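S.K.: File name run-v4.cif; file contents mmCIF, C-alpha atoms (C1' of nucleotides); full text below.
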```
data_entry
loop_
_atom_site.group_PDB
_atom_site.id
_atom_site.type_symbol
_atom_site.label_atom_id
_atom_site.label_comp_id
_atom_site.auth_asym_id
_atom_site.auth_seq_id
_atom_site.Cartn_x
_atom_site.Cartn_y
_atom_site.Cartn_z
ATOM 1 C CA MET A 68 12.174 24.663 -17.071
ATOM 2 C CA GLY A 69 8.891 26.392 -16.401
ATOM 3 C CA PHE A 70 6.508 25.860 -13.542
ATOM 4 C CA PRO A 71 2.734 25.631 -13.790
ATOM 5 C CA GLY A 72 1.038 28.944 -13.129
ATOM 6 C CA SER A 73 -0.882 28.092 -9.962
ATOM 7 C CA ILE A 74 -1.474 25.434 -7.377
ATOM 8 C CA LYS A 75 -4.867 24.745 -8.916
ATOM 9 C CA GLU A 76 -3.311 24.351 -12.350
ATOM 10 C CA LEU A 77 -0.583 22.108 -10.978
ATOM 11 C CA ARG A 78 -3.119 19.924 -9.180
ATOM 12 C CA ARG A 79 -5.101 19.609 -12.420
ATOM 13 C CA LEU A 80 -1.940 18.533 -14.277
ATOM 14 C CA LEU A 81 -1.065 16.097 -11.501
ATOM 15 C CA ASP A 82 -4.535 14.583 -11.671
ATOM 16 C CA GLN A 83 -4.431 14.333 -15.444
ATOM 17 C CA ASN A 84 -1.093 12.777 -16.224
ATOM 18 C CA GLY A 85 1.693 14.175 -14.098
ATOM 19 C CA MET A 86 3.198 16.234 -16.941
ATOM 20 C CA PRO A 87 4.903 19.539 -15.970
ATOM 21 C CA GLY A 88 3.405 22.813 -17.129
ATOM 22 C CA MET A 89 4.773 25.427 -19.547
ATOM 23 C CA GLU A 90 6.052 28.924 -18.842
ATOM 24 C CA ASP A 91 3.229 31.011 -17.446
ATOM 25 C CA PRO A 92 3.344 34.751 -16.590
ATOM 26 C CA LEU A 93 1.061 34.054 -13.620
ATOM 27 C CA TRP A 94 4.037 32.381 -11.958
ATOM 28 C CA GLU A 95 5.617 35.836 -11.341
ATOM 29 C CA MET A 96 2.393 37.025 -9.717
ATOM 30 C CA LEU A 97 2.227 34.272 -7.137
ATOM 31 C CA ALA A 98 2.905 35.082 -3.493
ATOM 32 C CA ASP A 99 6.111 33.615 -2.026
ATOM 33 C CA ASP A 100 4.310 30.986 0.067
ATOM 34 C CA HIS A 101 2.349 29.892 -2.985
ATOM 35 C CA ARG A 102 5.554 29.588 -4.982
ATOM 36 C CA ILE A 103 7.069 27.395 -2.285
ATOM 37 C CA ALA A 104 3.935 25.237 -2.220
ATOM 38 C CA VAL A 105 3.958 24.925 -6.010
ATOM 39 C CA GLN A 106 7.662 24.057 -6.016
ATOM 40 C CA GLU A 107 7.084 21.366 -3.384
ATOM 41 C CA LEU A 108 4.230 19.904 -5.385
ATOM 42 C CA TYR A 109 6.379 20.074 -8.493
ATOM 43 C CA GLN A 110 9.128 18.069 -6.796
ATOM 44 C CA LYS A 111 6.533 15.495 -5.751
ATOM 45 C CA LEU A 112 5.329 15.388 -9.344
ATOM 46 C CA LEU A 113 8.851 14.719 -10.642
ATOM 47 C CA LYS A 114 9.352 11.923 -8.109
ATOM 48 C CA GLU A 115 6.012 10.391 -9.090
ATOM 49 C CA ARG A 116 6.953 10.538 -12.787
ATOM 50 C CA GLN A 117 10.273 8.847 -12.013
ATOM 51 C CA ARG A 118 8.503 6.149 -9.972
ATOM 52 C CA LEU A 119 6.043 5.479 -12.794
ATOM 53 C CA GLU A 120 8.910 5.304 -15.307
ATOM 54 C CA GLU A 121 10.700 2.715 -13.151
ATOM 55 C CA LEU A 122 7.443 0.782 -12.800
ATOM 56 C CA LEU A 123 7.373 0.408 -16.596
ATOM 57 C CA THR A 124 10.855 -1.144 -16.812
ATOM 58 C CA TRP A 125 9.581 -4.674 -17.440
ATOM 59 C CA GLU A 126 6.963 -3.514 -19.953
ATOM 60 C CA LYS A 127 9.566 -1.538 -21.922
ATOM 61 C CA LYS A 128 12.041 -4.414 -21.775
ATOM 62 C CA TRP A 129 9.615 -6.948 -23.260
ATOM 63 C CA GLY A 130 7.084 -4.834 -25.096
ATOM 64 C CA SER A 131 6.972 -2.879 -28.356
ATOM 65 C CA PRO A 132 4.186 -1.450 -30.530
ATOM 66 C CA ALA A 133 3.819 -4.936 -32.019
ATOM 67 C CA THR A 134 4.471 -6.850 -28.801
ATOM 68 C CA LEU A 135 1.781 -6.517 -26.147
ATOM 69 C CA VAL A 136 2.693 -7.278 -22.542
ATOM 70 C CA ALA A 137 -0.003 -8.435 -20.115
ATOM 71 C CA GLY A 138 0.539 -8.287 -16.358
ATOM 72 C CA VAL A 139 -1.199 -11.007 -14.349
ATOM 73 C CA ASP A 140 -1.826 -11.164 -10.620
ATOM 74 C CA GLU A 141 -4.311 -12.712 -8.217
ATOM 75 C CA ALA A 142 -6.045 -11.801 -4.958
ATOM 76 C CA GLY A 143 -7.636 -13.922 -2.261
ATOM 77 C CA ARG A 144 -4.986 -16.508 -1.557
ATOM 78 C CA GLY A 145 -4.945 -16.323 2.227
ATOM 79 C CA PRO A 146 -8.665 -16.088 3.194
ATOM 80 C CA LEU A 147 -10.681 -18.829 4.846
ATOM 81 C CA ALA A 148 -13.647 -18.204 2.539
ATOM 82 C CA GLY A 149 -14.541 -17.069 -0.953
ATOM 83 C CA PRO A 150 -13.030 -17.591 -4.396
ATOM 84 C CA VAL A 151 -9.590 -16.603 -5.633
ATOM 85 C CA THR A 152 -9.679 -13.848 -8.251
ATOM 86 C CA ALA A 153 -7.100 -13.004 -10.909
ATOM 87 C CA ALA A 154 -6.785 -10.159 -13.388
ATOM 88 C CA ALA A 155 -4.801 -9.609 -16.571
ATOM 89 C CA VAL A 156 -4.050 -6.083 -17.800
ATOM 90 C CA ILE A 157 -2.390 -4.769 -20.958
ATOM 91 C CA LEU A 158 -1.359 -1.171 -20.301
ATOM 92 C CA ASP A 159 -0.624 1.541 -22.831
ATOM 93 C CA VAL A 160 2.911 2.567 -21.747
ATOM 94 C CA SER A 161 2.404 6.013 -23.308
ATOM 95 C CA VAL A 162 -0.577 6.717 -21.027
ATOM 96 C CA PRO A 163 0.619 7.097 -17.413
ATOM 97 C CA ILE A 164 -1.739 6.319 -14.538
ATOM 98 C CA PRO A 165 -0.700 8.538 -11.587
ATOM 99 C CA GLY A 166 -0.790 6.762 -8.249
ATOM 100 C CA LEU A 167 -0.546 3.297 -9.793
ATOM 101 C CA ASN A 168 1.038 1.000 -7.212
ATOM 102 C CA ASP A 169 0.882 -2.402 -5.576
ATOM 103 C CA SER A 170 -2.707 -2.924 -4.364
ATOM 104 C CA LYS A 171 -1.382 -3.708 -0.879
ATOM 105 C CA GLN A 172 0.105 -0.204 -0.647
ATOM 106 C CA LEU A 173 -3.241 1.485 -1.383
ATOM 107 C CA SER A 174 -6.278 2.293 0.738
ATOM 108 C CA PRO A 175 -9.621 0.761 -0.371
ATOM 109 C CA VAL A 176 -10.833 4.160 -1.606
ATOM 110 C CA LYS A 177 -7.708 4.751 -3.717
ATOM 111 C CA ARG A 178 -7.867 1.189 -5.019
ATOM 112 C CA ARG A 179 -11.405 1.733 -6.284
ATOM 113 C CA GLU A 180 -10.442 5.047 -7.876
ATOM 114 C CA LEU A 181 -7.444 3.498 -9.593
ATOM 115 C CA ALA A 182 -9.458 0.480 -10.749
ATOM 116 C CA GLY A 183 -11.713 2.889 -12.647
ATOM 117 C CA ARG A 184 -8.747 4.661 -14.231
ATOM 118 C CA ILE A 185 -7.094 1.360 -15.178
ATOM 119 C CA LYS A 186 -10.247 0.101 -16.906
ATOM 120 C CA GLU A 187 -10.511 3.437 -18.709
ATOM 121 C CA LYS A 188 -6.881 3.752 -19.835
ATOM 122 C CA ALA A 189 -5.685 0.160 -20.346
ATOM 123 C CA LYS A 190 -5.551 -1.345 -23.830
ATOM 124 C CA ALA A 191 -7.289 -4.432 -22.461
ATOM 125 C CA TRP A 192 -8.188 -6.026 -19.135
ATOM 126 C CA ALA A 193 -10.047 -9.090 -17.891
ATOM 127 C CA VAL A 194 -10.829 -10.924 -14.670
ATOM 128 C CA GLY A 195 -10.844 -14.672 -13.952
ATOM 129 C CA TRP A 196 -12.022 -16.748 -10.999
ATOM 130 C CA ALA A 197 -11.539 -20.093 -9.325
ATOM 131 C CA SER A 198 -14.350 -21.230 -7.039
ATOM 132 C CA VAL A 199 -14.192 -22.479 -3.447
ATOM 133 C CA GLU A 200 -14.901 -26.016 -4.778
ATOM 134 C CA GLU A 201 -11.942 -25.731 -7.160
ATOM 135 C CA ILE A 202 -9.698 -24.453 -4.351
ATOM 136 C CA ASP A 203 -10.661 -27.449 -2.199
ATOM 137 C CA ARG A 204 -10.173 -29.882 -5.087
ATOM 138 C CA LEU A 205 -6.959 -28.495 -6.640
ATOM 139 C CA ASN A 206 -5.314 -26.614 -3.708
ATOM 140 C CA ILE A 207 -4.996 -22.851 -3.479
ATOM 141 C CA ARG A 208 -1.841 -22.575 -5.557
ATOM 142 C CA ARG A 209 -3.203 -24.468 -8.567
ATOM 143 C CA ALA A 210 -6.559 -22.713 -8.209
ATOM 144 C CA SER A 211 -4.771 -19.339 -8.321
ATOM 145 C CA LEU A 212 -3.019 -20.349 -11.535
ATOM 146 C CA LEU A 213 -6.355 -21.531 -12.957
ATOM 147 C CA ALA A 214 -7.909 -18.145 -12.189
ATOM 148 C CA MET A 215 -4.950 -16.453 -13.901
ATOM 149 C CA LYS A 216 -5.370 -18.701 -16.937
ATOM 150 C CA ARG A 217 -9.059 -17.748 -17.163
ATOM 151 C CA ALA A 218 -8.228 -14.044 -16.866
ATOM 152 C CA VAL A 219 -5.725 -14.274 -19.733
ATOM 153 C CA ALA A 220 -8.193 -16.261 -21.858
ATOM 154 C CA ALA A 221 -10.845 -13.588 -21.290
ATOM 155 C CA LEU A 222 -8.659 -10.751 -22.614
ATOM 156 C CA PRO A 223 -10.288 -9.162 -25.687
ATOM 157 C CA VAL A 224 -6.810 -8.540 -27.136
ATOM 158 C CA GLN A 225 -4.223 -11.321 -27.203
ATOM 159 C CA PRO A 226 -0.855 -10.429 -25.624
ATOM 160 C CA SER A 227 2.564 -11.596 -26.844
ATOM 161 C CA ILE A 228 4.068 -12.132 -23.417
ATOM 162 C CA LEU A 229 2.763 -12.502 -19.877
ATOM 163 C CA LEU A 230 4.379 -10.967 -16.802
ATOM 164 C CA ILE A 231 3.322 -13.246 -13.932
ATOM 165 C CA ASP A 232 3.518 -12.157 -10.316
ATOM 166 C CA GLY A 233 5.434 -14.735 -8.280
ATOM 167 C CA ASN A 234 7.674 -17.608 -9.235
ATOM 168 C CA ALA A 235 5.264 -20.003 -10.958
ATOM 169 C CA GLU A 236 4.272 -20.025 -14.615
ATOM 170 C CA ILE A 237 0.672 -20.706 -15.646
ATOM 171 C CA PRO A 238 0.492 -24.314 -16.929
ATOM 172 C CA ASP A 239 -1.013 -25.340 -20.287
ATOM 173 C CA LEU A 240 -0.901 -21.854 -21.729
ATOM 174 C CA ASP A 241 0.535 -21.121 -25.158
ATOM 175 C CA TYR A 242 2.186 -17.825 -24.262
ATOM 176 C CA ARG A 243 5.706 -16.718 -23.519
ATOM 177 C CA GLN A 244 5.765 -16.153 -19.760
ATOM 178 C CA GLN A 245 8.081 -14.174 -17.489
ATOM 179 C CA THR A 246 7.692 -14.652 -13.737
ATOM 180 C CA VAL A 247 8.508 -11.643 -11.531
ATOM 181 C CA VAL A 248 8.945 -12.144 -7.787
ATOM 182 C CA GLY A 249 7.494 -9.103 -6.046
ATOM 183 C CA GLY A 250 6.004 -8.168 -9.395
ATOM 184 C CA ASP A 251 3.216 -6.032 -7.966
ATOM 185 C CA ARG A 252 5.887 -3.632 -6.698
ATOM 186 C CA ALA A 253 8.097 -3.875 -9.787
ATOM 187 C CA SER A 254 5.784 -3.869 -12.817
ATOM 188 C CA ALA A 255 3.042 -1.386 -13.697
ATOM 189 C CA SER A 256 0.856 -3.945 -15.474
ATOM 190 C CA ILE A 257 1.151 -6.476 -12.643
ATOM 191 C CA ALA A 258 0.342 -3.689 -10.161
ATOM 192 C CA ALA A 259 -2.712 -2.790 -12.258
ATOM 193 C CA ALA A 260 -3.762 -6.444 -12.324
ATOM 194 C CA SER A 261 -3.345 -6.688 -8.541
ATOM 195 C CA ILE A 262 -5.675 -3.701 -8.109
ATOM 196 C CA LEU A 263 -8.376 -5.041 -10.440
ATOM 197 C CA ALA A 264 -8.228 -8.500 -8.853
ATOM 198 C CA LYS A 265 -8.461 -7.102 -5.328
ATOM 199 C CA VAL A 266 -11.266 -4.620 -6.075
ATOM 200 C CA THR A 267 -13.293 -7.242 -7.965
ATOM 201 C CA ARG A 268 -12.931 -9.834 -5.205
ATOM 202 C CA ASP A 269 -13.743 -7.320 -2.460
ATOM 203 C CA ALA A 270 -16.951 -6.336 -4.267
ATOM 204 C CA TYR A 271 -17.899 -10.014 -4.607
ATOM 205 C CA MET A 272 -17.287 -10.642 -0.896
ATOM 206 C CA GLU A 273 -19.440 -7.617 -0.041
ATOM 207 C CA ASP A 274 -22.218 -9.221 -2.082
ATOM 208 C CA LEU A 275 -21.701 -12.501 -0.231
ATOM 209 C CA HIS A 276 -22.229 -10.575 2.999
ATOM 210 C CA TRP A 277 -25.894 -10.147 2.062
ATOM 211 C CA ARG A 278 -26.266 -13.917 1.599
ATOM 212 C CA TYR A 279 -24.335 -14.807 4.778
ATOM 213 C CA PRO A 280 -24.592 -11.695 6.985
ATOM 214 C CA CYS A 281 -23.460 -13.386 10.220
ATOM 215 C CA TYR A 282 -19.798 -13.772 9.146
ATOM 216 C CA GLY A 283 -18.849 -10.153 8.395
ATOM 217 C CA PHE A 284 -17.536 -10.791 4.874
ATOM 218 C CA ASP A 285 -18.101 -7.097 4.103
ATOM 219 C CA LYS A 286 -15.388 -6.221 6.619
ATOM 220 C CA HIS A 287 -12.710 -8.937 6.554
ATOM 221 C CA LYS A 288 -13.460 -10.242 3.007
ATOM 222 C CA GLY A 289 -13.056 -13.812 4.262
ATOM 223 C CA TYR A 290 -9.602 -13.285 5.768
ATOM 224 C CA PRO A 291 -8.740 -14.691 9.188
ATOM 225 C CA THR A 292 -9.672 -12.177 11.885
ATOM 226 C CA ARG A 293 -10.837 -12.605 15.470
ATOM 227 C CA GLU A 294 -14.388 -11.687 14.432
ATOM 228 C CA HIS A 295 -14.318 -14.209 11.588
ATOM 229 C CA TYR A 296 -13.134 -17.055 13.828
ATOM 230 C CA ALA A 297 -15.739 -16.110 16.449
ATOM 231 C CA ALA A 298 -18.494 -16.202 13.802
ATOM 232 C CA ILE A 299 -17.339 -19.634 12.549
ATOM 233 C CA GLU A 300 -17.309 -20.986 16.083
ATOM 234 C CA LYS A 301 -20.811 -19.637 16.672
ATOM 235 C CA TYR A 302 -22.481 -20.421 13.317
ATOM 236 C CA GLY A 303 -20.266 -23.151 11.791
ATOM 237 C CA LEU A 304 -18.940 -23.139 8.246
ATOM 238 C CA SER A 305 -20.925 -21.683 5.369
ATOM 239 C CA PRO A 306 -20.960 -23.184 1.843
ATOM 240 C CA VAL A 307 -18.455 -20.511 0.786
ATOM 241 C CA HIS A 308 -15.788 -21.493 3.342
ATOM 242 C CA ARG A 309 -12.711 -23.401 2.127
ATOM 243 C CA LYS A 310 -12.934 -26.790 3.787
ATOM 244 C CA SER A 311 -9.426 -27.756 2.685
ATOM 245 C CA PHE A 312 -7.791 -25.113 4.863
ATOM 246 C CA ARG A 313 -6.322 -26.671 8.013
ATOM 247 C CA ARG A 314 -7.795 -24.169 10.406
ATOM 248 C CA GLU A 315 -11.201 -24.823 8.849
ATOM 249 C CA LYS A 316 -10.737 -28.590 9.145
ATOM 250 C CA ARG A 317 -9.905 -28.200 12.796
ATOM 251 C CA LEU A 318 -12.897 -25.992 13.461
ATOM 252 C CA GLU A 319 -15.114 -28.315 11.489
ATOM 253 C CA GLN A 320 -14.022 -31.266 13.622
ATOM 254 C CA GLN A 321 -14.754 -29.272 16.757
ATOM 255 C CA ILE A 322 -18.140 -28.099 15.630
ATOM 256 C CA PHE A 323 -19.651 -31.075 13.866
ATOM 257 C "C1'" DA B 62 -7.807 15.752 18.530
ATOM 258 C "C1'" DG B 63 -8.483 13.213 14.699
ATOM 259 C "C1'" DC B 64 -7.113 11.482 10.383
ATOM 260 C "C1'" DT B 65 -3.718 9.192 7.405
ATOM 261 C "C1'" DG B 66 0.291 6.664 6.133
ATOM 262 C "C1'" DT B 67 3.781 3.211 7.189
ATOM 263 C "C1'" DG B 68 5.993 -0.806 8.832
ATOM 264 C "C1'" DA B 69 6.190 -4.947 11.606
ATOM 265 C "C1'" DA B 70 3.910 -9.001 13.106
ATOM 266 C "C1'" DA B 71 0.836 -12.587 12.504
ATOM 267 C "C1'" DG B 72 -2.480 -15.322 10.058
ATOM 268 C "C1'" DT B 73 -3.581 -18.680 5.663
ATOM 269 C "C1'" DT B 74 -1.576 -21.703 1.831
ATOM 270 C "C1'" DG B 75 2.054 -24.612 -1.331
ATOM 271 C "C1'" DA B 76 6.762 -25.530 -3.278
ATOM 272 C "C1'" DT B 77 11.446 -26.269 -2.671
ATOM 273 C "C1'" DC B 78 15.694 -27.094 -0.426
ATOM 274 C "C1'" DT B 79 18.542 -29.168 3.149
ATOM 275 C "C1'" DA B 80 19.756 -32.098 6.900
ATOM 276 C "C1'" DC B 81 19.151 -36.325 9.166
ATOM 277 C "C1'" DG C 109 11.717 -40.797 3.067
ATOM 278 C "C1'" DT C 110 10.633 -37.317 6.389
ATOM 279 C "C1'" DA C 111 10.705 -33.123 8.930
ATOM 280 C "C1'" DG C 112 11.822 -28.505 9.351
ATOM 281 C "C1'" DA C 113 13.264 -24.112 7.431
ATOM 282 C "C1'" DT C 114 12.757 -20.855 3.973
ATOM 283 C "C1'" DC C 115 10.491 -18.390 0.490
ATOM 284 C "C1'" DA C 116 6.697 -17.334 -2.519
ATOM 285 C "C1'" DA C 117 1.835 -15.484 -2.477
ATOM 286 C "C1'" DC C 118 -2.432 -13.296 -0.155
ATOM 287 C "C1'" DT C 119 -4.057 -10.177 3.636
ATOM 288 C "C1'" DT C 120 -5.502 -7.796 8.593
ATOM 289 C "C1'" DT C 121 -4.290 -5.767 12.818
ATOM 290 C "C1'" DC C 122 -1.844 -2.780 15.642
ATOM 291 C "C1'" DA C 123 1.314 0.732 17.087
ATOM 292 C "C1'" DC C 124 3.560 4.683 15.994
ATOM 293 C "C1'" DA C 125 4.693 9.024 13.516
ATOM 294 C "C1'" DG C 126 3.401 12.881 11.004
ATOM 295 C "C1'" DC C 127 0.135 16.013 9.220
ATOM 296 C "C1'" DT C 128 -4.140 18.981 9.274
#
```
Transcribe the structure of this file into structure tokens.

M.R.:
Amino acid sequence: MGFPGSIKELRRLLDQNGMPGMEDPLWEMLADDHRIAVQELYQKLLKERQRLEELLTWEKKWGSPATLVAGVDEAGRGPLAGPVTAAAVILDVSVPIPGLNDSKQLSPVKRRELAGRIKEKAKAWAVGWASVEEIDRLNIRRASLLAMKRAVAALPVQPSILLIDGNAEIPDLDYRQQTVVGGDRASASIAAASILAKVTRDAYMEDLHWRYPCYGFDKHKGYPTREHYAAIEKYGLSPVHRKSFRREKRLEQQIF
DNA sequence: AGCTGTGAAAGTTGATCTAC
DNA sequence: GTAGATCAACTTTCACAGCT
């Protein structure tokens, strides 16, 4: 098995698709410390390839050239404010996306980078929403499923089977569905959906910050933090806060 | 010294199961 | 029937370890 000719070359291959390089006479010219560095990077590359292979287990189990698998996941279930966002992604299993992982395991910068790569390399992707009003009316669980349903409906290509993160199927949907507990850590397409949903919702909450600058939505994205509670106590609830959430009800009773 | 990554804890919700 | 525990999801915050 040959090694890539240089660290630079190896990094380029890592960035592209994680494939190992071919025999290269430059390898013999490398200094010992460079060889060690390249070998270490190469081992990391092999581990990453193995991780990505394992992440495609569900897609390979259910998918085929004629059977498209869509991963579905949502973001924004725990916040006190803002909509819940869902994404559906159909990946091309022959096109690896290095670094793809559960959105919760990634920094915001890496999430944004990966979101761009996912949109570029996926066969199809789409995003769906459920509003604060719908969350208050339906409850957060049903609203999440509604957002997922809208994401699937918005896909430009129709899948044959849905991999759903969690233990609940999407109601009133004419698709074969497979629920996967911990799916964002176990399935590549669910992981990709978790990243798109999170990045899209974060961007929306940053926009909301300009409409309601006193709450700090650009920082906590509507999630419960000390700063967020302090802002609610000081300024009251905004129209984008979820009034059905118990903590909000309690605060509302105190304030108004 | 400062940055980055990781894991535990704590916060929000709803559904389900079990014991009384 | 009800209440509590557990588990599912979504995160942030904080402390610590390791790396540059």

S.K.: List every protein, DNA or RNA residue that has at least one atom no more than 9 Å from (4.4, -19.8, -2.1) in the file's coordinates, counting all atoms listed in the file, and write the result as an MDAnalysis selection string.

M.R.: (chainID A and resid 208 233:235) or (chainID B and resid 74:76) or (chainID C and resid 115:117)

S.K.: Can you give me, as a CSV table (one decimal) with C-alpha atoms, in the coordinates of the input, the residues this file yields under the PyMOL selection byres ((chain A) within 7 of (chain C))?

M.R.:
```csv
chain,number,residue,atom,x,y,z
A,142,ALA,CA,-6.0,-11.8,-5.0
A,143,GLY,CA,-7.6,-13.9,-2.3
A,144,ARG,CA,-5.0,-16.5,-1.6
A,145,GLY,CA,-4.9,-16.3,2.2
A,233,GLY,CA,5.4,-14.7,-8.3
A,234,ASN,CA,7.7,-17.6,-9.2
A,290,TYR,CA,-9.6,-13.3,5.8
A,292,THR,CA,-9.7,-12.2,11.9
```

S.K.: Grab the atom CA of A:Asp241 to atom CA of A:Trp192 distance for me, in Å with one decimal place.

M.R.: 18.4 Å

S.K.: Could you give me the axis-aligned bounding box of stretch 114-122 of chain C, with 8 Å of padding per side, as centre plus edge lengths in Å to one decimal, as lines of an AutoDock Vina configuration file?

M.R.:
```
center_x = 3.6
center_y = -11.8
center_z = 6.6
size_x = 34.3
size_y = 34.1
size_z = 34.2
```

S.K.: Would you work out the distance separating atom CA of A:Arg278 from atom CA of A:Pro291, expressed in Å to one decimal?

M.R.: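 About the pair atom CA of A:Arg278 and atom CA of A:Pro291: they are 19.1 Å apart.
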
S.K.: Hey, can you check how far atom CA of A:Arg209 sits from atom CA of A:Ser311?

M.R.: 13.3 Å

S.K.: Which residues of chain B sit at most 12 Å from chain A, using only C-alpha atoms (C1' of nucleotides)? Give each one's shortest atom pair and distance in Å (one decimal place), in chain and ascending residue order, as a tab-separated table.

M.R.:
```
residue	atom	partner	partner_atom	distance
B:DT65	C1'	A:Ser174	CA	9.9
B:DG66	C1'	A:Ser174	CA	9.6
B:DT67	C1'	A:Gln172	CA	9.3
B:DG68	C1'	A:Gln172	CA	11.2
B:DA71	C1'	A:Pro291	CA	10.3
B:DG72	C1'	A:Pro291	CA	6.4
B:DT73	C1'	A:Gly145	CA	4.4
B:DT74	C1'	A:Gly145	CA	6.4
B:DG75	C1'	A:Arg208	CA	6.1
B:DA76	C1'	A:Arg208	CA	9.4
B:DT77	C1'	A:Asn234	CA	11.5
```

S.K.: For the point (-6.1, -14.4, -21.6) in file coordinates, what residues are within 10 Å, counting only C-alpha atoms (C1' of nucleotides)? Give the answer as a list in words?

M.R.: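 Selection result: Ala137, Val139, Ala154, Ala155, Val156, Trp192, Ala193, Val194, Gly195, Met215, Lys216, Arg217, Ala218, Val219, Ala220, Ala221, Leu222, Pro223, Val224, Gln225, Pro226, Leu229, Leu240 and Tyr242 of chain A.
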
S.K.: Using the chain letters and numbers from this file, what does the PyMOL selection byres ((chain A and resi 232) around 7) select? Give the answer as a PyMOL selection string.

M.R.: chain A and resi 139-140+230-231+233-234+246-251+257

S.K.: Running the PyMOL selection byres ((chain A and resi 264) around 7) on this model by hand, what would come out? Give it as a tab-separated table (two decimals) with C-alpha atoms, keeping the file's coordinate frame.

M.R.:
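Heads up, here's the output in result.tsv:
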```
chain	number	residue	atom	x	y	z
A	141	GLU	CA	-4.31	-12.71	-8.22
A	142	ALA	CA	-6.04	-11.80	-4.96
A	152	THR	CA	-9.68	-13.85	-8.25
A	153	ALA	CA	-7.10	-13.00	-10.91
A	154	ALA	CA	-6.78	-10.16	-13.39
A	194	VAL	CA	-10.83	-10.92	-14.67
A	260	ALA	CA	-3.76	-6.44	-12.32
A	261	SER	CA	-3.34	-6.69	-8.54
A	262	ILE	CA	-5.68	-3.70	-8.11
A	263	LEU	CA	-8.38	-5.04	-10.44
A	265	LYS	CA	-8.46	-7.10	-5.33
A	266	VAL	CA	-11.27	-4.62	-6.08
A	267	THR	CA	-13.29	-7.24	-7.96
A	268	ARG	CA	-12.93	-9.83	-5.20
```

S.K.: Please reconstruct the missing atoms of stretch 281-296 of chain A (target: N, CA and C atoms) and return them as a PDB file, in the coordinates of the input.

M.R.:
```
ATOM      1  N   CYS A 281     -23.985 -13.169   8.863  1.00  0.00           N
ATOM      2  CA  CYS A 281     -23.460 -13.386  10.220  1.00  0.00           C
ATOM      3  C   CYS A 281     -21.938 -13.465  10.271  1.00  0.00           C
ATOM      4  N   TYR A 282     -21.253 -13.568   9.120  1.00  0.00           N
ATOM      5  CA  TYR A 282     -19.798 -13.772   9.146  1.00  0.00           C
ATOM      6  C   TYR A 282     -18.981 -12.476   9.029  1.00  0.00           C
ATOM      7  N   GLY A 283     -19.590 -11.420   8.531  1.00  0.00           N
ATOM      8  CA  GLY A 283     -18.849 -10.153   8.395  1.00  0.00           C
ATOM      9  C   GLY A 283     -17.941 -10.104   7.177  1.00  0.00           C
ATOM     10  N   PHE A 284     -18.355 -10.789   6.095  1.00  0.00           N
ATOM     11  CA  PHE A 284     -17.536 -10.791   4.874  1.00  0.00           C
ATOM     12  C   PHE A 284     -17.308  -9.381   4.322  1.00  0.00           C
ATOM     13  N   ASP A 285     -18.247  -8.469   4.611  1.00  0.00           N
ATOM     14  CA  ASP A 285     -18.101  -7.097   4.103  1.00  0.00           C
ATOM     15  C   ASP A 285     -16.910  -6.393   4.750  1.00  0.00           C
ATOM     16  N   LYS A 286     -16.521  -6.870   5.928  1.00  0.00           N
ATOM     17  CA  LYS A 286     -15.388  -6.221   6.619  1.00  0.00           C
ATOM     18  C   LYS A 286     -14.068  -6.943   6.348  1.00  0.00           C
ATOM     19  N   HIS A 287     -14.010  -8.239   6.663  1.00  0.00           N
ATOM     20  CA  HIS A 287     -12.710  -8.937   6.554  1.00  0.00           C
ATOM     21  C   HIS A 287     -12.501  -9.634   5.221  1.00  0.00           C
ATOM     22  N   LYS A 288     -13.557  -9.655   4.352  1.00  0.00           N
ATOM     23  CA  LYS A 288     -13.460 -10.242   3.007  1.00  0.00           C
ATOM     24  C   LYS A 288     -13.066 -11.722   3.030  1.00  0.00           C
ATOM     25  N   GLY A 289     -13.363 -12.379   4.162  1.00  0.00           N
ATOM     26  CA  GLY A 289     -13.056 -13.812   4.262  1.00  0.00           C
ATOM     27  C   GLY A 289     -11.715 -14.106   4.897  1.00  0.00           C
ATOM     28  N   TYR A 290     -10.933 -13.078   5.182  1.00  0.00           N
ATOM     29  CA  TYR A 290      -9.602 -13.285   5.768  1.00  0.00           C
ATOM     30  C   TYR A 290      -9.712 -13.643   7.251  1.00  0.00           C
ATOM     31  N   PRO A 291      -8.681 -14.285   7.790  1.00  0.00           N
ATOM     32  CA  PRO A 291      -8.740 -14.691   9.188  1.00  0.00           C
ATOM     33  C   PRO A 291      -8.616 -13.501  10.144  1.00  0.00           C
ATOM     34  N   THR A 292      -9.676 -13.203  10.837  1.00  0.00           N
ATOM     35  CA  THR A 292      -9.672 -12.177  11.885  1.00  0.00           C
ATOM     36  C   THR A 292     -10.351 -12.777  13.115  1.00  0.00           C
ATOM     37  N   ARG A 293     -10.199 -12.117  14.238  1.00  0.00           N
ATOM     38  CA  ARG A 293     -10.837 -12.605  15.470  1.00  0.00           C
ATOM     39  C   ARG A 293     -12.350 -12.731  15.283  1.00  0.00           C
ATOM     40  N   GLU A 294     -12.940 -11.699  14.650  1.00  0.00           N
ATOM     41  CA  GLU A 294     -14.388 -11.687  14.432  1.00  0.00           C
ATOM     42  C   GLU A 294     -14.811 -12.863  13.537  1.00  0.00           C
ATOM     43  N   HIS A 295     -13.983 -13.132  12.518  1.00  0.00           N
ATOM     44  CA  HIS A 295     -14.318 -14.209  11.588  1.00  0.00           C
ATOM     45  C   HIS A 295     -14.280 -15.564  12.302  1.00  0.00           C
ATOM     46  N   TYR A 296     -13.230 -15.797  13.082  1.00  0.00           N
ATOM     47  CA  TYR A 296     -13.134 -17.055  13.828  1.00  0.00           C
ATOM     48  C   TYR A 296     -14.300 -17.193  14.827  1.00  0.00           C
TER      49      TYR A 296
END
```
